Amino acid sequence: MTRRLAVVAKKVGVSEATVSRVLNGKPGVSEATRQAVLSALDVLGYERPTQLRGERARLVGLVLPELQNPIFPAFAEVIGGALAQLGLTPVLCTQTRGGVSEADYVTLLLQQQVSGVVFAGGLYAQADAPHDHYRQLAERNIPVVLVNAAIEHLGFPAVSCDDAVAVEQAWRHLASLGHERIGLVLGPGDHMPSARKLAAARAVAGEVPEEHVARAMFSIEGGHAAATRLIERGVTGFICASDPLALGVVRAARRKGLDVPGQISVVGYDDSALMNCTEPPLTTVRQPIEAMGKAVVELLNAQISGSTVAPEELLFEPELVVRGSTGLAPRG
């Protein structure tokens, strides 16, 4: 017990006596200090005293599918900073292949009595994925916010970048450069943001031949494999569902001895870190991460505070950032 008091006191920056007063429910401690002590208990893995277990921790789960795609650390930074300003502590939960699943993380977060959960790029975006853990959160009335498009009927508020506007901007840019054979490199068939992007492409182009659409895992390797197929079918302009996919397209073009942007033009999606430092610098559609992240935290905090939040989707406008990976379509 003495060691626990010392560890928690050091973590919070208060005296052991102050920690003892919080744990024993005695007066003389500010609410901010009290919450900080309770959060430290949760973060350090100590059980709360029995009389305090009914309260939710000032912890918020931030569940991400990976950290290799720079867009997810970028969201984590914005959301984590905004949570900290409200006295909430983010708990980063990152999935790994063969490791802890999204559902496992939800179980762990519920055991820690978290105040809420933010999901970015999770299974909620895939129609064929398991969704029981989302229903579990809803049944327990845990505040939840989703980042980017989700399947229908989950009943959670979402903050999304407008996929339709993103594809329209990218398509018109490539068309203005003379590209007639424009292809799409998207995620799996049940991936909702990818489905929206495909629908938007068909709306702006009138028709997109199925042979000009490739599905891939969200990685450089996935983009490489998909682009290899589309290049063989004569595609010269590529619209990709993520920046790593776009970098895979650039790599595939070079492996085939094709110049980017002289022969192949590539548009990414996200404008994640270092995309202006690639060779060539990547033309991409920028998600407004700062504005989206702050909106996520506002929605979550409103729920934590007891306000009713409609399960609606807030759409944020993207911005096409033109760099060196797009150019005039090759002649002939």
# chains A, B, ... in the order shown; residues from 1 in each chain; ligands from 1
$ residues_around --residues "Asp271 (chain A)" --least-positions-apart "3" --cutoff "8 Å" --atoms "only C-alpha atoms" --output "PyMOL selection string"
chain A and resi 71+243+268+275+284-287+321
$ write_last_selection --atoms "N, CA and C atoms" --output "PDB file, in the first residue's frame"
ATOM      1  N   ILE A  71      -1.283   8.969 -41.096  1.00  0.00           N
ATOM      2  CA  ILE A  71      -2.519   9.685 -40.786  1.00  0.00           C
ATOM      3  C   ILE A  71      -3.027   9.341 -39.392  1.00  0.00           C
ATOM      4  N   ASP A 243      -2.503   7.612 -48.828  1.00  0.00           N
ATOM      5  CA  ASP A 243      -1.169   7.981 -49.305  1.00  0.00           C
ATOM      6  C   ASP A 243      -0.245   6.772 -49.467  1.00  0.00           C
ATOM      7  N   GLY A 268      -2.948  10.868 -54.122  1.00  0.00           N
ATOM      8  CA  GLY A 268      -3.160  10.140 -52.870  1.00  0.00           C
ATOM      9  C   GLY A 268      -4.357  10.676 -52.111  1.00  0.00           C
ATOM     10  N   MET A 275       4.580  13.677 -47.125  1.00  0.00           N
ATOM     11  CA  MET A 275       4.184  13.478 -48.525  1.00  0.00           C
ATOM     12  C   MET A 275       4.739  14.570 -49.438  1.00  0.00           C
ATOM     13  N   THR A 284      -2.076  15.049 -53.420  1.00  0.00           N
ATOM     14  CA  THR A 284      -2.966  14.269 -52.561  1.00  0.00           C
ATOM     15  C   THR A 284      -4.122  15.140 -52.088  1.00  0.00           C
ATOM     16  N   VAL A 285      -5.147  14.502 -51.553  1.00  0.00           N
ATOM     17  CA  VAL A 285      -6.303  15.211 -51.017  1.00  0.00           C
ATOM     18  C   VAL A 285      -6.156  15.264 -49.497  1.00  0.00           C
ATOM     19  N   ARG A 286      -6.102  16.470 -48.970  1.00  0.00           N
ATOM     20  CA  ARG A 286      -5.812  16.662 -47.548  1.00  0.00           C
ATOM     21  C   ARG A 286      -7.069  16.554 -46.686  1.00  0.00           C
ATOM     22  N   GLN A 287      -7.008  15.686 -45.673  1.00  0.00           N
ATOM     23  CA  GLN A 287      -8.056  15.671 -44.653  1.00  0.00           C
ATOM     24  C   GLN A 287      -7.783  16.800 -43.656  1.00  0.00           C
ATOM     25  N   VAL A 321      -4.234  19.069 -52.760  1.00  0.00           N
ATOM     26  CA  VAL A 321      -2.911  19.686 -52.691  1.00  0.00           C
ATOM     27  C   VAL A 321      -2.108  19.182 -53.890  1.00  0.00           C
TER      28      VAL A 321
END
$ select_by_dssp --residues "region 85-209 of chain A" --states "strand (DSSP E)" --output "number ranges by chain"
A: 89-94, 116-120, 144-147, 158-161, 182-186
$ residues_around --residues "Arg135 (chain A)" --least-positions-apart "5" --cutoff "12 Å" --atoms "only C-alpha atoms" --output "VMD selection string"
chain A and resid 103 106 124 130 140 to 142 144 153 to 156
$ residues_around --residues "Arg196 (chain A)" --least-positions-apart "3" --cutoff "7 Å" --atoms "only C-alpha atoms" --output "NGL selection string"
:A and (163-164 or 192-193 or 199-200)
$ residues_around --residues "Leu282 (chain A)" --least-positions-apart "2" --cutoff "9 Å" --atoms "only C-alpha atoms" --output "PDB file with C-alpha atoms, in the first residue's frame"
ATOM      1  CA  ASP A 243      -1.169   7.981 -49.305  1.00  0.00           C
ATOM      2  CA  ALA A 246      -0.362   6.065 -53.796  1.00  0.00           C
ATOM      3  CA  LEU A 247       3.291   5.519 -52.912  1.00  0.00           C
ATOM      4  CA  VAL A 266      -0.894   9.646 -59.045  1.00  0.00           C
ATOM      5  CA  VAL A 267      -3.207  11.301 -56.488  1.00  0.00           C
ATOM      6  CA  GLY A 268      -3.160  10.140 -52.870  1.00  0.00           C
ATOM      7  CA  ASP A 271      -1.833  14.422 -47.046  1.00  0.00           C
ATOM      8  CA  MET A 275       4.184  13.478 -48.525  1.00  0.00           C
ATOM      9  CA  ASN A 276       5.808  16.732 -49.659  1.00  0.00           C
ATOM     10  CA  CYS A 277       9.213  15.066 -49.220  1.00  0.00           C
ATOM     11  CA  THR A 278       8.679  12.042 -51.473  1.00  0.00           C
ATOM     12  CA  GLU A 279      10.122  11.869 -54.977  1.00  0.00           C
ATOM     13  CA  PRO A 280       8.194  13.239 -56.689  1.00  0.00           C
ATOM     14  CA  THR A 284      -2.966  14.269 -52.561  1.00  0.00           C
ATOM     15  CA  VAL A 321      -2.911  19.686 -52.691  1.00  0.00           C
ATOM     16  CA  VAL A 322      -1.218  19.647 -56.110  1.00  0.00           C
ATOM     17  CA  ARG A 323       2.447  18.647 -56.124  1.00  0.00           C
ATOM     18  CA  GLY A 324       4.760  16.817 -58.480  1.00  0.00           C
ATOM     19  CA  SER A 325       3.165  13.385 -58.922  1.00  0.00           C
ATOM     20  CA  THR A 326       0.572  14.576 -61.448  1.00  0.00           C
TER      21      THR A 326
END
$ residues_around --residues "region 171-177 of chain A" --least-positions-apart "6" --cutoff "12 Å" --atoms "only C-alpha atoms" --output "MDAnalysis selection string"
chainID A and resid 164:165 183:184 197:198 200:206 208 235:240 261:268 283:285 319:323 325:331
$ write_last_selection --atoms "C-alpha atoms" --output "PDB file, in the first residue's frame"
ATOM      1  CA  ALA A 164     -17.360  12.373 -52.545  1.00  0.00           C
ATOM      2  CA  VAL A 165     -15.784  15.831 -52.652  1.00  0.00           C
ATOM      3  CA  GLY A 183      -8.309   4.252 -62.358  1.00  0.00           C
ATOM      4  CA  LEU A 184      -9.115   3.859 -58.659  1.00  0.00           C
ATOM      5  CA  LYS A 197     -15.240   7.071 -53.308  1.00  0.00           C
ATOM      6  CA  LEU A 198     -16.273   4.653 -56.062  1.00  0.00           C
ATOM      7  CA  ALA A 200     -18.469   9.555 -56.344  1.00  0.00           C
ATOM      8  CA  ALA A 201     -16.192   8.627 -59.243  1.00  0.00           C
ATOM      9  CA  ARG A 202     -19.114   7.137 -61.137  1.00  0.00           C
ATOM     10  CA  ALA A 203     -21.171  10.238 -60.432  1.00  0.00           C
ATOM     11  CA  VAL A 204     -18.559  12.634 -61.793  1.00  0.00           C
ATOM     12  CA  ALA A 205     -17.386  10.460 -64.707  1.00  0.00           C
ATOM     13  CA  GLY A 206     -20.700   8.905 -65.721  1.00  0.00           C
ATOM     14  CA  VAL A 208     -15.983   3.837 -64.455  1.00  0.00           C
ATOM     15  CA  VAL A 235      -4.616   3.370 -66.857  1.00  0.00           C
ATOM     16  CA  THR A 236      -2.527   6.578 -66.796  1.00  0.00           C
ATOM     17  CA  GLY A 237      -4.185   8.509 -63.947  1.00  0.00           C
ATOM     18  CA  PHE A 238      -4.561   6.990 -60.461  1.00  0.00           C
ATOM     19  CA  ILE A 239      -6.811   8.070 -57.598  1.00  0.00           C
ATOM     20  CA  CYS A 240      -5.877   6.255 -54.386  1.00  0.00           C
ATOM     21  CA  PRO A 261       4.405  12.181 -63.718  1.00  0.00           C
ATOM     22  CA  GLY A 262       5.576  11.981 -67.348  1.00  0.00           C
ATOM     23  CA  GLN A 263       3.663   8.784 -68.107  1.00  0.00           C
ATOM     24  CA  ILE A 264       1.721   7.987 -64.923  1.00  0.00           C
ATOM     25  CA  SER A 265      -0.019  10.502 -62.643  1.00  0.00           C
ATOM     26  CA  VAL A 266      -0.894   9.646 -59.045  1.00  0.00           C
ATOM     27  CA  VAL A 267      -3.207  11.301 -56.488  1.00  0.00           C
ATOM     28  CA  GLY A 268      -3.160  10.140 -52.870  1.00  0.00           C
ATOM     29  CA  THR A 283      -0.325  15.253 -55.108  1.00  0.00           C
ATOM     30  CA  THR A 284      -2.966  14.269 -52.561  1.00  0.00           C
ATOM     31  CA  VAL A 285      -6.303  15.211 -51.017  1.00  0.00           C
ATOM     32  CA  GLU A 319      -8.550  20.113 -50.025  1.00  0.00           C
ATOM     33  CA  LEU A 320      -6.633  18.992 -53.115  1.00  0.00           C
ATOM     34  CA  VAL A 321      -2.911  19.686 -52.691  1.00  0.00           C
ATOM     35  CA  VAL A 322      -1.218  19.647 -56.110  1.00  0.00           C
ATOM     36  CA  ARG A 323       2.447  18.647 -56.124  1.00  0.00           C
ATOM     37  CA  SER A 325       3.165  13.385 -58.922  1.00  0.00           C
ATOM     38  CA  THR A 326       0.572  14.576 -61.448  1.00  0.00           C
ATOM     39  CA  GLY A 327       1.200  15.939 -64.933  1.00  0.00           C
ATOM     40  CA  LEU A 328      -0.148  16.077 -68.471  1.00  0.00           C
ATOM     41  CA  ALA A 329      -1.403  12.772 -69.858  1.00  0.00           C
ATOM     42  CA  PRO A 330       1.033  11.057 -72.233  1.00  0.00           C
ATOM     43  CA  ARG A 331       0.216  11.477 -75.909  1.00  0.00           C
TER      44      ARG A 331
END
$ residues_around --residues "region 82-97 of chain A" --least-positions-apart "4" --cutoff "7 Å" --atoms "only C-alpha atoms" --output "JSON list (two decimals) with N, CA and C atoms, in the first residue's frame"
[["chain", "number", "residue", "atom", "x", "y", "z"],
["A", 58, "ARG", "N", -11.29, 8.88, -15.79],
["A", 58, "ARG", "CA", -11.13, 10.00, -16.72],
["A", 58, "ARG", "C", -10.22, 9.56, -17.86],
["A", 59, "LEU", "N", -10.45, 8.34, -18.32],
["A", 59, "LEU", "CA", -9.67, 7.77, -19.42],
["A", 59, "LEU", "C", -10.55, 7.68, -20.65],
["A", 60, "VAL", "N", -9.94, 7.88, -21.81],
["A", 60, "VAL", "CA", -10.64, 7.72, -23.09],
["A", 60, "VAL", "C", -9.83, 6.79, -23.97],
["A", 61, "GLY", "N", -10.44, 5.73, -24.42],
["A", 61, "GLY", "CA", -9.77, 4.82, -25.34],
["A", 61, "GLY", "C", -9.68, 5.42, -26.73],
["A", 62, "LEU", "N", -8.49, 5.37, -27.32],
["A", 62, "LEU", "CA", -8.29, 5.83, -28.70],
["A", 62, "LEU", "C", -7.82, 4.63, -29.49],
["A", 63, "VAL", "N", -8.73, 4.02, -30.23],
["A", 63, "VAL", "CA", -8.47, 2.73, -30.89],
["A", 63, "VAL", "C", -8.13, 2.98, -32.36],
["A", 64, "LEU", "N", -6.91, 2.58, -32.75],
["A", 64, "LEU", "CA", -6.41, 2.78, -34.10],
["A", 64, "LEU", "C", -6.05, 1.44, -34.73],
["A", 65, "PRO", "N", -6.20, 1.31, -36.05],
["A", 65, "PRO", "CA", -5.86, 0.04, -36.69],
["A", 65, "PRO", "C", -4.36, -0.19, -36.85],
["A", 66, "GLU", "N", -3.58, 0.90, -36.88],
["A", 66, "GLU", "CA", -2.14, 0.78, -37.11],
["A", 66, "GLU", "C", -1.49, 2.14, -36.87],
["A", 78, "VAL", "N", -3.69, 15.08, -32.42],
["A", 78, "VAL", "CA", -4.70, 16.13, -32.28],
["A", 78, "VAL", "C", -5.73, 15.76, -31.23],
["A", 101, "SER", "N", -7.04, -7.80, -30.61],
["A", 101, "SER", "CA", -8.05, -7.36, -31.58],
["A", 101, "SER", "C", -8.79, -6.13, -31.06],
["A", 102, "GLU", "N", -9.55, -5.52, -31.95],
["A", 102, "GLU", "CA", -10.36, -4.37, -31.55],
["A", 102, "GLU", "C", -11.35, -4.75, -30.45],
["A", 105, "TYR", "N", -9.57, -5.03, -27.14],
["A", 105, "TYR", "CA", -9.31, -3.71, -26.57],
["A", 105, "TYR", "C", -10.56, -3.14, -25.90],
["A", 294, "LYS", "N", -10.69, 18.05, -33.30],
["A", 294, "LYS", "CA", -11.33, 18.87, -32.27],
["A", 294, "LYS", "C", -12.83, 18.60, -32.21],
["A", 297, "VAL", "N", -13.50, 15.39, -30.23],
["A", 297, "VAL", "CA", -13.41, 15.56, -28.77],
["A", 297, "VAL", "C", -14.61, 16.35, -28.24]]
$ closest_residue --among "A:Ser30, A:Gln35, A:Ser115, A:Thr107" --to "Asp132 (chain A)" --atoms "only C-alpha atoms"
A:Thr107
$ select_by_dssp --residues "region 25-142 of chain A" --states "helix (DSSP H, G or I)" --output "PyMOL selection string"
chain A and resi 31-44+50-52+71-85+102-111+123-125+132-139
$ closest_residue --among "A:Tyr46, A:Phe316, A:Tyr134, A:Tyr269" --to "Ala170 (chain A)" --atoms "only C-alpha atoms"
A:Tyr269
$ atom_distance --atom1 "CA of Val37 (chain A)" --atom2 "CA of Val8 (chain A)"
6.9 Å
